[in-house]
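Containing TSV, C-alpha atoms: target_11.tsv.
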```tsv
chain	number	residue	atom	x	y	z
A	1	MET	CA	-22.86	-13.37	-0.46
A	2	VAL	CA	-24.39	-10.12	-1.73
A	3	ILE	CA	-21.93	-7.88	-3.62
A	4	LYS	CA	-22.87	-4.27	-4.31
A	5	SER	CA	-21.74	-3.12	-7.76
A	6	LYS	CA	-21.26	0.45	-6.56
A	7	ILE	CA	-19.74	1.06	-3.16
A	8	SER	CA	-18.23	4.50	-3.78
A	9	SER	CA	-18.59	7.57	-6.00
A	10	ILE	CA	-14.91	7.03	-6.89
A	11	GLY	CA	-15.04	4.59	-9.78
A	12	TYR	CA	-11.68	2.92	-9.30
A	13	VAL	CA	-12.68	1.77	-5.80
A	14	ASN	CA	-15.60	-0.13	-7.31
A	15	LYS	CA	-13.22	-1.58	-9.89
A	16	ILE	CA	-10.84	-2.81	-7.20
A	17	GLN	CA	-13.64	-4.67	-5.45
A	18	GLU	CA	-14.70	-6.23	-8.76
A	19	ASN	CA	-11.13	-7.32	-9.48
A	20	ILE	CA	-10.71	-8.99	-6.10
A	21	MET	CA	-13.98	-10.88	-6.44
A	22	SER	CA	-12.92	-12.14	-9.87
A	23	ILE	CA	-9.66	-13.74	-8.64
A	24	LYS	CA	-9.62	-17.48	-9.29
A	25	ARG	CA	-10.21	-19.35	-6.05
A	26	LYS	CA	-7.77	-22.13	-7.00
A	27	GLU	CA	-4.88	-19.65	-7.40
A	28	LEU	CA	-5.74	-17.76	-4.24
A	29	ALA	CA	-6.12	-20.95	-2.20
A	30	LYS	CA	-2.64	-22.16	-3.15
A	31	LEU	CA	-1.00	-18.85	-2.25
A	32	PHE	CA	-3.05	-18.69	0.96
A	33	GLU	CA	-1.77	-22.12	2.02
A	34	ASP	CA	1.83	-21.20	1.14
A	35	ILE	CA	1.65	-18.08	3.32
A	36	LYS	CA	0.14	-20.08	6.18
A	37	ALA	CA	2.78	-22.82	5.92
A	38	ALA	CA	5.85	-20.57	5.64
A	39	ASP	CA	7.74	-19.73	8.81
A	40	CYS	CA	9.69	-17.09	6.89
A	41	VAL	CA	8.26	-14.75	4.22
A	42	ILE	CA	10.60	-12.63	2.08
A	43	CYS	CA	8.91	-9.58	0.51
A	44	GLY	CA	9.86	-8.59	-3.04
A	45	GLY	CA	8.68	-5.63	-5.07
A	46	SER	CA	9.49	-2.13	-6.29
A	47	GLY	CA	8.05	1.28	-5.41
A	48	ARG	CA	4.43	1.38	-4.34
A	49	SER	CA	3.95	-2.33	-5.02
A	50	LEU	CA	6.61	-3.06	-2.41
A	51	TYR	CA	5.12	-0.53	0.05
A	52	SER	CA	1.73	-2.20	-0.41
A	53	LEU	CA	3.20	-5.64	0.25
A	54	ASN	CA	5.19	-4.44	3.27
A	55	ALA	CA	2.16	-2.67	4.77
A	56	ALA	CA	0.01	-5.78	4.61
A	57	LEU	CA	2.67	-8.25	5.80
A	58	SER	CA	3.66	-5.95	8.68
A	59	GLN	CA	0.32	-6.82	10.26
A	60	ILE	CA	1.77	-10.24	11.08
A	61	ALA	CA	3.86	-8.56	13.77
A	62	LEU	CA	0.67	-7.32	15.44
A	63	SER	CA	-0.87	-10.76	15.63
A	64	GLN	CA	0.30	-13.73	17.68
A	65	ALA	CA	-2.58	-16.08	16.86
A	66	GLY	CA	-2.12	-18.50	13.98
A	67	TRP	CA	1.41	-17.47	13.05
A	68	ARG	CA	3.74	-19.81	14.94
A	69	ASN	CA	6.46	-17.15	15.17
A	70	LYS	CA	6.42	-16.38	11.46
A	71	VAL	CA	9.23	-14.04	10.38
A	72	VAL	CA	8.86	-11.40	7.63
A	73	LEU	CA	11.98	-10.00	5.95
A	74	THR	CA	12.96	-7.73	3.08
A	75	PRO	CA	16.42	-7.53	1.46
A	76	ASP	CA	16.79	-4.05	2.99
A	77	ASP	CA	16.43	-5.31	6.57
A	78	PRO	CA	19.68	-5.18	8.61
A	79	GLY	CA	19.14	-8.83	9.56
A	80	PHE	CA	18.81	-10.09	5.98
A	81	PRO	CA	21.56	-12.75	5.74
A	82	GLY	CA	23.19	-11.87	2.42
A	83	HIS	CA	23.87	-9.27	-0.25
A	84	ASN	CA	21.30	-10.88	-2.55
A	85	MET	CA	18.73	-13.66	-2.54
A	86	HIS	CA	21.18	-16.28	-3.78
A	87	ASP	CA	23.69	-15.52	-1.03
A	88	ALA	CA	20.99	-15.35	1.65
A	89	ALA	CA	19.30	-18.62	0.67
A	90	PHE	CA	21.89	-20.84	2.36
A	91	ASP	CA	21.47	-19.15	5.76
A	92	LEU	CA	17.70	-18.94	5.37
A	93	GLU	CA	17.56	-22.67	4.70
A	94	ARG	CA	19.49	-23.39	7.89
A	95	ARG	CA	17.21	-21.20	10.01
A	96	TYR	CA	13.74	-22.00	8.67
A	97	LYS	CA	11.75	-25.02	7.51
A	98	LYS	CA	9.64	-23.31	4.84
A	99	ILE	CA	10.58	-20.05	3.14
A	100	LEU	CA	8.25	-18.15	0.80
A	101	LEU	CA	9.47	-15.44	-1.58
A	102	LEU	CA	6.29	-13.34	-1.95
A	103	MET	CA	6.37	-10.78	-4.76
A	104	ASN	CA	4.03	-7.98	-5.82
A	105	SER	CA	4.47	-6.62	-9.35
A	106	GLY	CA	1.73	-5.46	-11.69
A	107	SER	CA	3.89	-5.72	-14.81
A	108	GLY	CA	5.87	-8.80	-13.84
A	109	TYR	CA	9.00	-7.08	-15.15
A	110	SER	CA	10.11	-5.00	-12.12
A	111	ASP	CA	13.88	-5.27	-11.80
A	112	ASP	CA	14.30	-5.82	-8.06
A	113	PRO	CA	11.81	-8.67	-7.53
A	114	LEU	CA	12.76	-10.23	-10.89
A	115	VAL	CA	16.40	-10.44	-9.83
A	116	MET	CA	15.32	-11.93	-6.49
A	117	ALA	CA	13.29	-14.60	-8.28
A	118	GLN	CA	16.15	-15.36	-10.68
A	119	ASP	CA	18.66	-15.62	-7.82
A	120	LEU	CA	16.43	-17.94	-5.81
A	121	ALA	CA	15.68	-20.10	-8.85
A	122	LYS	CA	19.43	-20.45	-9.43
A	123	TYR	CA	19.96	-21.54	-5.82
A	124	ILE	CA	17.14	-24.09	-5.98
A	125	GLU	CA	18.53	-25.53	-9.20
A	126	GLU	CA	22.03	-25.79	-7.71
A	127	THR	CA	21.02	-27.35	-4.39
A	128	LYS	CA	17.72	-29.09	-5.22
A	129	SER	CA	16.35	-27.51	-2.01
A	130	THR	CA	12.71	-28.23	-1.20
A	131	LYS	CA	12.38	-25.58	1.51
A	132	PHE	CA	11.65	-22.65	-0.83
A	133	SER	CA	8.54	-21.60	-2.72
A	134	MET	CA	7.49	-18.46	-4.60
A	135	GLY	CA	4.27	-16.46	-4.78
A	136	LEU	CA	3.44	-13.63	-7.16
A	137	LEU	CA	0.58	-11.15	-7.45
A	138	THR	CA	0.58	-9.66	-10.95
A	139	SER	CA	-1.63	-8.37	-13.76
A	140	THR	CA	-0.04	-10.49	-16.48
A	141	TYR	CA	0.74	-14.17	-16.78
A	142	ASN	CA	3.10	-13.56	-19.71
A	143	SER	CA	6.10	-12.11	-17.90
A	144	PRO	CA	9.54	-13.29	-16.74
A	145	MET	CA	8.48	-13.21	-13.09
A	146	ALA	CA	5.36	-15.29	-13.76
A	147	ASP	CA	7.40	-17.82	-15.74
A	148	ILE	CA	9.79	-18.35	-12.82
A	149	THR	CA	7.09	-18.29	-10.14
A	150	ASN	CA	4.95	-20.87	-11.92
A	151	LYS	CA	7.89	-23.27	-11.82
A	152	TYR	CA	8.42	-22.93	-8.07
A	153	GLY	CA	5.10	-21.74	-6.68
A	154	THR	CA	1.89	-19.86	-7.46
A	155	THR	CA	0.98	-16.85	-9.60
A	156	VAL	CA	-2.26	-15.04	-8.77
A	157	LEU	CA	-3.69	-12.89	-11.54
A	158	PHE	CA	-4.93	-9.56	-10.21
A	159	ARG	CA	-6.23	-7.23	-12.90
A	160	GLY	CA	-5.28	-3.58	-12.62
A	161	ARG	CA	-2.35	-2.77	-14.89
A	162	GLY	CA	-2.74	-1.74	-18.50
A	163	LYS	CA	-3.30	1.16	-20.85
A	164	SER	CA	-6.17	3.53	-20.24
A	165	LYS	CA	-8.07	5.67	-22.72
A	166	PRO	CA	-8.42	9.40	-21.93
A	167	SER	CA	-11.88	10.50	-20.83
A	168	ALA	CA	-13.48	13.54	-19.26
A	169	GLU	CA	-15.16	11.48	-16.55
A	170	TYR	CA	-13.79	12.01	-13.09
A	171	SER	CA	-11.71	9.24	-11.49
A	172	GLU	CA	-13.54	6.30	-13.02
A	173	THR	CA	-10.59	3.95	-13.18
A	174	GLY	CA	-8.00	5.81	-11.17
A	175	MET	CA	-4.36	5.59	-12.01
A	176	MET	CA	-3.80	2.01	-13.14
A	177	GLY	CA	-1.15	1.65	-10.51
A	178	ASP	CA	-3.71	2.67	-7.91
A	179	ILE	CA	-6.03	-0.15	-8.92
A	180	PHE	CA	-3.31	-2.77	-8.62
A	181	GLU	CA	-1.45	-1.44	-5.60
A	182	LEU	CA	-4.46	-0.51	-3.50
A	183	GLY	CA	-6.14	-3.73	-4.55
A	184	THR	CA	-3.28	-6.00	-3.57
A	185	LEU	CA	-2.96	-4.11	-0.28
A	186	GLN	CA	-6.62	-4.87	0.54
A	187	LEU	CA	-6.37	-8.47	-0.65
A	188	LEU	CA	-3.21	-9.23	1.31
A	189	ASN	CA	-4.50	-7.51	4.43
A	190	SER	CA	-7.65	-9.66	4.30
A	191	MET	CA	-5.52	-12.78	3.79
A	192	ILE	CA	-3.49	-11.94	6.90
A	193	GLU	CA	-6.67	-11.36	8.91
A	194	THR	CA	-8.15	-14.62	7.62
A	195	ILE	CA	-5.13	-16.61	8.78
A	196	SER	CA	-5.02	-14.79	12.10
A	197	ARG	CA	-8.67	-15.65	12.76
A	198	ASN	CA	-8.18	-19.25	11.63
A	199	LEU	CA	-10.72	-18.87	8.82
A	200	GLU	CA	-10.82	-20.48	5.36
A	201	VAL	CA	-9.86	-19.17	1.93
A	202	ASP	CA	-13.48	-18.39	0.98
A	203	ASP	CA	-13.62	-16.01	3.92
A	204	ILE	CA	-11.05	-13.79	2.20
A	205	TYR	CA	-13.69	-12.80	-0.36
A	206	SER	CA	-16.25	-12.23	2.40
A	207	LEU	CA	-13.89	-10.05	4.45
A	208	CYS	CA	-12.99	-7.98	1.38
A	209	ASN	CA	-16.63	-7.49	0.46
A	210	GLU	CA	-17.49	-6.48	4.02
A	211	GLU	CA	-14.57	-4.06	4.22
A	212	PHE	CA	-15.26	-2.40	0.88
A	213	GLN	CA	-18.67	-1.28	2.12
A	214	LYS	CA	-16.92	0.58	4.94
A	215	ILE	CA	-14.11	1.91	2.74
A	216	GLY	CA	-16.63	3.27	0.24
A	217	GLU	CA	-18.50	5.09	2.99
A	218	MET	CA	-15.27	6.51	4.43
A	219	ILE	CA	-14.08	7.82	1.06
A	220	ASP	CA	-17.41	9.37	0.11
A	221	SER	CA	-17.84	11.04	3.48
A	222	ASN	CA	-14.42	12.68	3.22
A	223	ILE	CA	-13.60	13.61	-0.40
A	224	ASN	CA	-16.14	16.45	-0.51
A	225	SER	CA	-15.61	17.52	3.09
A	226	GLU	CA	-14.27	20.89	4.19
A	227	THR	CA	-11.12	19.13	5.45
A	228	TYR	CA	-10.39	17.62	2.02
A	229	ASN	CA	-11.06	20.93	0.28
A	230	GLN	CA	-8.70	22.74	2.66
A	231	LEU	CA	-6.02	20.13	1.95
A	232	VAL	CA	-6.30	20.69	-1.79
A	233	ASP	CA	-6.21	24.47	-1.22
A	234	LEU	CA	-2.95	24.07	0.72
A	235	MET	CA	-1.38	21.71	-1.80
A	236	GLU	CA	-2.22	24.05	-4.68
A	237	LYS	CA	0.01	26.71	-3.12
A	238	ARG	CA	3.80	26.82	-3.22
A	239	THR	CA	4.33	24.52	-0.28
A	240	ASN	CA	6.34	21.40	0.42
A	241	ILE	CA	4.61	18.31	1.76
A	242	PHE	CA	5.96	16.01	4.47
A	243	LEU	CA	4.43	12.58	5.12
A	244	GLY	CA	5.17	10.37	8.08
A	245	GLY	CA	4.24	7.44	10.25
A	246	ARG	CA	5.96	4.60	12.04
A	247	GLY	CA	5.90	0.97	10.98
A	248	THR	CA	2.90	0.29	8.76
A	249	GLY	CA	2.01	3.99	8.79
A	250	ASN	CA	5.34	4.77	7.14
A	251	GLU	CA	4.59	2.35	4.28
A	252	ILE	CA	1.24	4.06	3.67
A	253	ALA	CA	2.95	7.47	3.79
A	254	LYS	CA	5.40	6.35	1.09
A	255	MET	CA	2.59	4.98	-1.09
A	256	THR	CA	0.84	8.36	-0.95
A	257	GLY	CA	4.01	10.41	-1.33
A	258	VAL	CA	5.01	8.84	-4.66
A	259	ARG	CA	1.87	10.07	-6.43
A	260	LEU	CA	1.72	13.48	-4.77
A	261	PHE	CA	5.30	14.16	-5.87
A	262	HIS	CA	4.38	13.92	-9.56
A	263	ILE	CA	1.90	16.79	-9.18
A	264	LYS	CA	3.79	18.98	-6.70
A	265	SER	CA	6.98	18.86	-8.76
A	266	PHE	CA	5.10	20.82	-11.43
A	267	PHE	CA	5.12	23.77	-9.00
A	268	GLY	CA	8.79	23.31	-8.18
A	269	ASP	CA	7.79	21.96	-4.76
A	270	ASN	CA	8.89	18.74	-3.11
A	271	VAL	CA	7.31	15.85	-1.24
A	272	TYR	CA	9.37	14.30	1.55
A	273	ILE	CA	9.05	11.33	3.87
A	274	THR	CA	9.57	12.61	7.41
A	275	ARG	CA	13.02	11.72	8.72
A	276	GLY	CA	14.13	10.55	5.28
A	277	VAL	CA	17.75	10.86	4.22
A	278	ASN	CA	17.05	14.01	2.17
A	279	THR	CA	14.39	15.59	4.38
A	280	PRO	CA	15.08	19.31	5.04
A	281	HIS	CA	13.73	21.51	7.80
A	282	PRO	CA	10.15	22.63	7.09
A	283	ARG	CA	9.23	26.16	6.10
A	284	ALA	CA	6.35	28.32	7.22
A	285	GLY	CA	3.24	27.21	5.39
A	286	ASP	CA	4.38	23.65	4.67
A	287	LEU	CA	1.95	20.75	5.04
A	288	GLU	CA	2.59	17.59	7.03
A	289	ILE	CA	0.46	14.45	6.68
A	290	LEU	CA	0.85	12.12	9.66
A	291	ILE	CA	-0.63	8.62	10.02
A	292	SER	CA	-1.03	6.92	13.40
A	293	TYR	CA	-3.72	4.50	14.52
A	294	SER	CA	-3.29	5.29	18.23
A	295	GLY	CA	-2.42	8.94	17.75
A	296	GLU	CA	0.03	8.51	20.62
A	297	THR	CA	3.17	7.33	18.81
A	298	ARG	CA	5.87	9.47	20.38
A	299	PRO	CA	8.04	10.22	17.30
A	300	VAL	CA	4.93	11.14	15.27
A	301	ILE	CA	3.83	13.57	18.01
A	302	LEU	CA	7.29	15.14	17.98
A	303	TRP	CA	7.13	15.59	14.19
A	304	ALA	CA	3.84	17.42	14.61
A	305	ASP	CA	5.35	19.68	17.28
A	306	VAL	CA	8.31	20.56	15.04
A	307	LEU	CA	6.14	21.51	12.07
A	308	LYS	CA	3.84	23.65	14.21
A	309	LYS	CA	6.90	25.54	15.53
A	310	PHE	CA	7.64	26.44	11.91
A	311	SER	CA	4.03	27.63	11.43
A	312	GLY	CA	3.14	24.70	9.19
A	313	THR	CA	-0.15	22.84	8.91
A	314	VAL	CA	-0.50	19.35	10.40
A	315	PHE	CA	-3.04	16.97	8.89
A	316	ALA	CA	-3.57	13.75	10.85
A	317	ILE	CA	-5.23	10.48	9.99
A	318	THR	CA	-5.82	8.56	13.21
A	319	GLY	CA	-8.14	6.00	14.72
A	320	ASN	CA	-8.54	7.88	18.01
A	321	LYS	CA	-10.39	11.21	18.03
A	322	ASN	CA	-9.26	11.92	21.60
A	323	SER	CA	-5.57	11.22	20.96
A	324	THR	CA	-2.71	13.66	21.38
A	325	LEU	CA	-2.13	13.74	17.62
A	326	ALA	CA	-5.78	14.49	16.88
A	327	LYS	CA	-5.74	17.37	19.37
A	328	LYS	CA	-2.53	18.87	17.94
A	329	ALA	CA	-3.58	18.55	14.29
A	330	ASP	CA	-4.95	21.55	12.38
A	331	LEU	CA	-6.88	19.20	10.09
A	332	LYS	CA	-7.81	15.58	10.74
A	333	ILE	CA	-9.73	12.56	9.53
A	334	ILE	CA	-10.77	9.98	12.11
A	335	LEU	CA	-11.06	6.41	10.87
A	336	ASP	CA	-12.72	4.55	13.73
A	337	GLU	CA	-11.89	0.90	14.21
A	338	GLU	CA	-12.56	-1.44	17.07
A	339	VAL	CA	-9.66	-3.85	17.23
A	340	LYS	CA	-8.58	-6.39	19.82
A	341	PRO	CA	-4.97	-6.44	21.04
A	342	SER	CA	-2.61	-8.67	19.03
A	343	THR	CA	-4.83	-8.75	15.95
A	344	PRO	CA	-4.31	-7.24	12.47
A	345	ARG	CA	-5.70	-3.77	11.85
A	346	ARG	CA	-7.70	-2.46	8.94
A	347	PHE	CA	-6.92	1.17	9.79
A	348	TYR	CA	-3.84	1.48	7.57
A	349	THR	CA	-5.52	0.06	4.47
A	350	ARG	CA	-8.45	2.41	5.06
A	351	ALA	CA	-6.02	5.33	5.36
A	352	ALA	CA	-4.41	4.41	2.02
A	353	PHE	CA	-7.80	4.39	0.28
A	354	VAL	CA	-8.98	7.64	1.86
A	355	LEU	CA	-5.72	9.38	0.89
A	356	SER	CA	-5.69	8.01	-2.67
A	357	PRO	CA	-8.00	10.68	-4.23
A	358	LEU	CA	-5.77	13.55	-3.02
A	359	PRO	CA	-3.50	13.69	-6.11
A	360	VAL	CA	-6.57	13.26	-8.32
A	361	LYS	CA	-8.26	16.26	-6.68
A	362	LEU	CA	-5.07	18.31	-6.97
A	363	ALA	CA	-4.64	17.49	-10.67
A	364	GLU	CA	-8.28	18.38	-11.26
A	365	ARG	CA	-7.85	21.72	-9.48
A	366	ILE	CA	-4.82	22.56	-11.62
A	367	ALA	CA	-6.77	21.78	-14.78
A	368	GLN	CA	-9.63	24.01	-13.60
A	369	ARG	CA	-7.18	26.91	-13.25
A	370	GLY	CA	-6.27	26.53	-16.91
A	371	LEU	CA	-2.65	25.73	-16.17
A	372	ILE	CA	-0.86	23.68	-18.83
A	373	LEU	CA	0.62	20.61	-17.24
A	374	PRO	CA	3.72	18.84	-18.60
A	375	GLU	CA	2.91	16.04	-21.05
A	376	TYR	CA	3.78	13.21	-18.64
A	377	ILE	CA	1.42	14.66	-16.01
A	378	ILE	CA	-1.34	15.18	-18.59
A	379	SER	CA	-1.05	11.52	-19.61
A	380	TRP	CA	-1.09	10.48	-15.97
A	381	TYR	CA	-4.05	12.75	-15.22
A	382	HIS	CA	-6.08	11.32	-18.09
A	383	SER	CA	-5.40	7.83	-16.83
A	384	VAL	CA	-6.66	8.93	-13.42
A	385	THR	CA	-9.83	10.49	-14.77
A	386	GLN	CA	-10.80	7.79	-17.24
```
What would you get if you wrote out this structure as structure tokens?
Amino acid sequence: MVIKSKISSIGYVNKIQENIMSIKRKELAKLFEDIKAADCVICGGSGRSLYSLNAALSQIALSQAGWRNKVVLTPDDPGFPGHNMHDAAFDLERRYKKILLLMNSGSGYSDDPLVMAQDLAKYIEETKSTKFSMGLLTSTYNSPMADITNKYGTTVLFRGRGKSKPSAEYSETGMMGDIFELGTLQLLNSMIETISRNLEVDDIYSLCNEEFQKIGEMIDSNINSETYNQLVDLMEKRTNIFLGGRGTGNEIAKMTGVRLFHIKSFFGDNVYITRGVNTPHPRAGDLEILISYSGETRPVILWADVLKKFSGTVFAITGNKNSTLAKKADLKIILDEEVKPSTPRRFYTRAAFVLSPLPVKLAERIAQRGLILPEYIISWYHSVTQ
């Protein structure tokens, strides 16, 4: 397999590919088999790591082949059978033969998944149940979550978290969170596709390598485009940003929104997830970023209509250039993908990567204007541009 060392002008994308290719096959194979064998997968994580995990695992719902009616749950789902993992374990054990707690945490210290792991470990110790296993993607072996997971399952080391040294070079390593969260999104998505296509663990590396060539091309063809420049122009102004999608698109919107908020808050502006609990009515001049593979998802179309009534700007990322959403959007990026019905899609992972340089570009623009950013944003910006 030929691996290109440079697939994009954005350095952290190259680093993500390198990190995936350096994952130990033995670790990945064990987690791969655990995901295949489980008829119920519980997702655990915090913030963007959880959104990344949810986005990848949601692709199971799109695919019937190779899954044997596999169920994916999070503790926030209405159907989750308990107030915590310990309480839920009894009902889960009655319903399913093999249950996997799959966690995504760069630090290995995130409170929510750590508590889930501790609760499940307590239940296993009390009942001696053999139906449960744990899986963890993390950047450090020496953490409480890794200690627990190694006792009951598999820890996969994925480099990407750590301290970065300030540099004037543009976006060489990205925000460290970007490297881990985007990387695990791509890895997990390729694992889901591999299982769906009844391939072997070595094919995960091949699929990732193949996809990174396309992702690199998509990023480089868009970051210096007129559309991207207009987006940064809009975001630099006093304007709120709304992000939205349904299903997997909503997880990608939340991943993007977290980082954009850190920059926009400097202006006194806000970033909202469309139809969130605190989402206000838009104002004239606001920007809405909508994500839809088909471009025909009815609620997403309605959100576009509402913003346009308020004289806002709609930016769409879609896989269909002739879709209703593409036609209504003021700005758009088309990420073409040929996909068969009932198979996982690569569109949403591609959208996450193409959107990821937006906060970097905005931070760079602010610095060019000579504006003095708050210390926490300066530190974040330097980590992005190392």
Compile the contact shell of Lys151 of chain A as a list of chain:residue names: residues with an atom at most 12 Å away, counting all atoms listed in the file, same-chain residues fewer than 2 positions apart removed.
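Here the qualifying residues turn out to be A:Ala117, A:Gln118, A:Leu120, A:Ala121, A:Ile124, A:Glu125, A:Phe132, A:Ser133, A:Met134, A:Gly135, A:Leu136, A:Pro144, A:Met145, A:Ala146, A:Asp147, A:Ile148, A:Thr149, A:Gly153, A:Thr154, A:Thr155.
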Quick check, in Å to one decimal: how far apart do atom CA of Ala253 of chain A and atom CA of Val232 of chain A lie?
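Computing it gives 17.1 Å between the two atoms.
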For the atom pair atom CA of Met116 of chain A and atom CA of Arg159 of chain A, what is the interatomic distance in Å to one decimal place?
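It comes out at 23.0 Å.
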Just want the 8 Å neighbourhood of His86 of chain A, counted on all atoms listed in the file, with same-chain residues fewer than 4 positions away dropped. Output as a ChimeraX atom specification.
/A:82,90,116,119-120,122-123
Selected residue, from A:Met21, A:Val360, A:Val72, A:Ala55, that lies nearest to Cys40 of chain A when counting all atoms listed in the file
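Nearest to Cys40 of chain A: A:Val72.
Reported to one decimal place, the separation of atom CA of Ser190 of chain A from atom CA of Ser9 of chain A is 22.9 Å.
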Under the rule that all atoms listed in the file are counted, which of A:Ile10, A:Met85, A:Met103, A:Ile252 is the nearest residue to Ser221 of chain A?
A:Ile10
Smallest atom-to-atom distance to Arg246 of chain A: which of A:Trp303, A:Phe261, A:Tyr272, A:Phe267, using all atoms listed in the file?
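Of A:Trp303, A:Phe261, A:Tyr272, A:Phe267, the one nearest Arg246 of chain A, counting all atoms listed in the file, is A:Trp303.
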Once you count all atoms listed in the file, which residues end up no further than 6 Å from (7.4, 11.6, 6.0) in the file's frame, shown as a list of chain:residue names?
A:Phe242, A:Leu243, A:Gly244, A:Tyr272, A:Ile273, A:Thr274
Which of these residues is nearest to Ile317 of chain A, using all atoms listed in the file: A:Arg350, A:Arg298, A:Lys24, A:His262?
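Checking each of A:Arg350, A:Arg298, A:Lys24, A:His262 against Ile317 of chain A, counting all atoms listed in the file, the winner is A:Arg350.
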A:Asp330, A:Thr184, A:Asp233, A:Ile241 ranked by distance to Glu364 of chain A, top pick (using all atoms listed in the file)
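When distances to Glu364 of chain A are compared using all atoms listed in the file, the smallest one comes from A:Asp233.
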Which is closer to Pro81 of chain A than all the others in A:Ile42, A:Ser8, A:Ser292, A:Asp111, using only C-alpha atoms?
A:Ile42
Please return, as a list in words, all polymer residues that have at least one atom within 10 Å of the point (2.9, 25.4, -3.5); use all atoms listed in the file and the file's own coordinate frame.
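In the file's frame, the residues around the point are Asp233, Leu234, Met235, Glu236, Lys237, Arg238, Thr239, Asn240, Ile241, Lys264, Ser265, Phe266, Phe267, Gly268, Asp269, Asn270, Gly285, Asp286 and Leu287 of chain A.
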If we count all atoms listed in the file, what is near Asn224 of chain A at a cut-off of 12 Å, once residues fewer than 5 positions away on the same chain are taken out, given as an MDAnalysis selection string?
chainID A and resid 9:10 218:219 229:232 354 357:358 361
Dump all heavy atoms of segment 204-208 of chain A from the given block, as a PDB file, in the first residue's frame.
```pdb
ATOM      1  N   ILE A 204      -9.123  -1.641   7.011  1.00  0.00           N
ATOM      2  CA  ILE A 204      -9.381  -0.347   7.654  1.00  0.00           C
ATOM      3  C   ILE A 204      -8.293   0.645   7.256  1.00  0.00           C
ATOM      4  O   ILE A 204      -8.570   1.799   6.894  1.00  0.00           O
ATOM      5  CB  ILE A 204      -9.426  -0.487   9.187  1.00  0.00           C
ATOM      6  CG1 ILE A 204     -10.578  -1.399   9.606  1.00  0.00           C
ATOM      7  CG2 ILE A 204      -9.564   0.884   9.849  1.00  0.00           C
ATOM      8  CD1 ILE A 204     -10.566  -1.758  11.078  1.00  0.00           C
ATOM      9  N   TYR A 205      -7.047   0.207   7.314  1.00  0.00           N
ATOM     10  CA  TYR A 205      -5.928   1.075   6.940  1.00  0.00           C
ATOM     11  C   TYR A 205      -6.016   1.473   5.469  1.00  0.00           C
ATOM     12  O   TYR A 205      -5.766   2.634   5.111  1.00  0.00           O
ATOM     13  CB  TYR A 205      -4.599   0.365   7.199  1.00  0.00           C
ATOM     14  CG  TYR A 205      -4.341   0.021   8.650  1.00  0.00           C
ATOM     15  CD1 TYR A 205      -4.637  -1.249   9.129  1.00  0.00           C
ATOM     16  CD2 TYR A 205      -3.789   0.946   9.523  1.00  0.00           C
ATOM     17  CE1 TYR A 205      -4.394  -1.591  10.460  1.00  0.00           C
ATOM     18  CE2 TYR A 205      -3.533   0.620  10.849  1.00  0.00           C
ATOM     19  CZ  TYR A 205      -3.844  -0.648  11.311  1.00  0.00           C
ATOM     20  OH  TYR A 205      -3.607  -0.980  12.628  1.00  0.00           O
ATOM     21  N   SER A 206      -6.398   0.511   4.620  1.00  0.00           N
ATOM     22  CA  SER A 206      -6.506   0.800   3.184  1.00  0.00           C
ATOM     23  C   SER A 206      -7.613   1.802   2.900  1.00  0.00           C
ATOM     24  O   SER A 206      -7.438   2.730   2.098  1.00  0.00           O
ATOM     25  CB  SER A 206      -6.768  -0.501   2.407  1.00  0.00           C
ATOM     26  OG  SER A 206      -5.712  -1.415   2.561  1.00  0.00           O
ATOM     27  N   LEU A 207      -8.764   1.615   3.552  1.00  0.00           N
ATOM     28  CA  LEU A 207      -9.885   2.542   3.354  1.00  0.00           C
ATOM     29  C   LEU A 207      -9.517   3.943   3.820  1.00  0.00           C
ATOM     30  O   LEU A 207      -9.863   4.936   3.171  1.00  0.00           O
ATOM     31  CB  LEU A 207     -11.121   2.047   4.087  1.00  0.00           C
ATOM     32  CG  LEU A 207     -11.842   0.827   3.508  1.00  0.00           C
ATOM     33  CD1 LEU A 207     -13.020   0.431   4.399  1.00  0.00           C
ATOM     34  CD2 LEU A 207     -12.324   1.087   2.091  1.00  0.00           C
ATOM     35  N   CYS A 208      -8.841   4.044   4.972  1.00  0.00           N
ATOM     36  CA  CYS A 208      -8.433   5.354   5.474  1.00  0.00           C
ATOM     37  C   CYS A 208      -7.464   6.032   4.515  1.00  0.00           C
ATOM     38  O   CYS A 208      -7.592   7.227   4.218  1.00  0.00           O
ATOM     39  CB  CYS A 208      -7.789   5.215   6.858  1.00  0.00           C
ATOM     40  SG  CYS A 208      -8.950   4.909   8.201  1.00  0.00           S
TER      41      CYS A 208
END
```
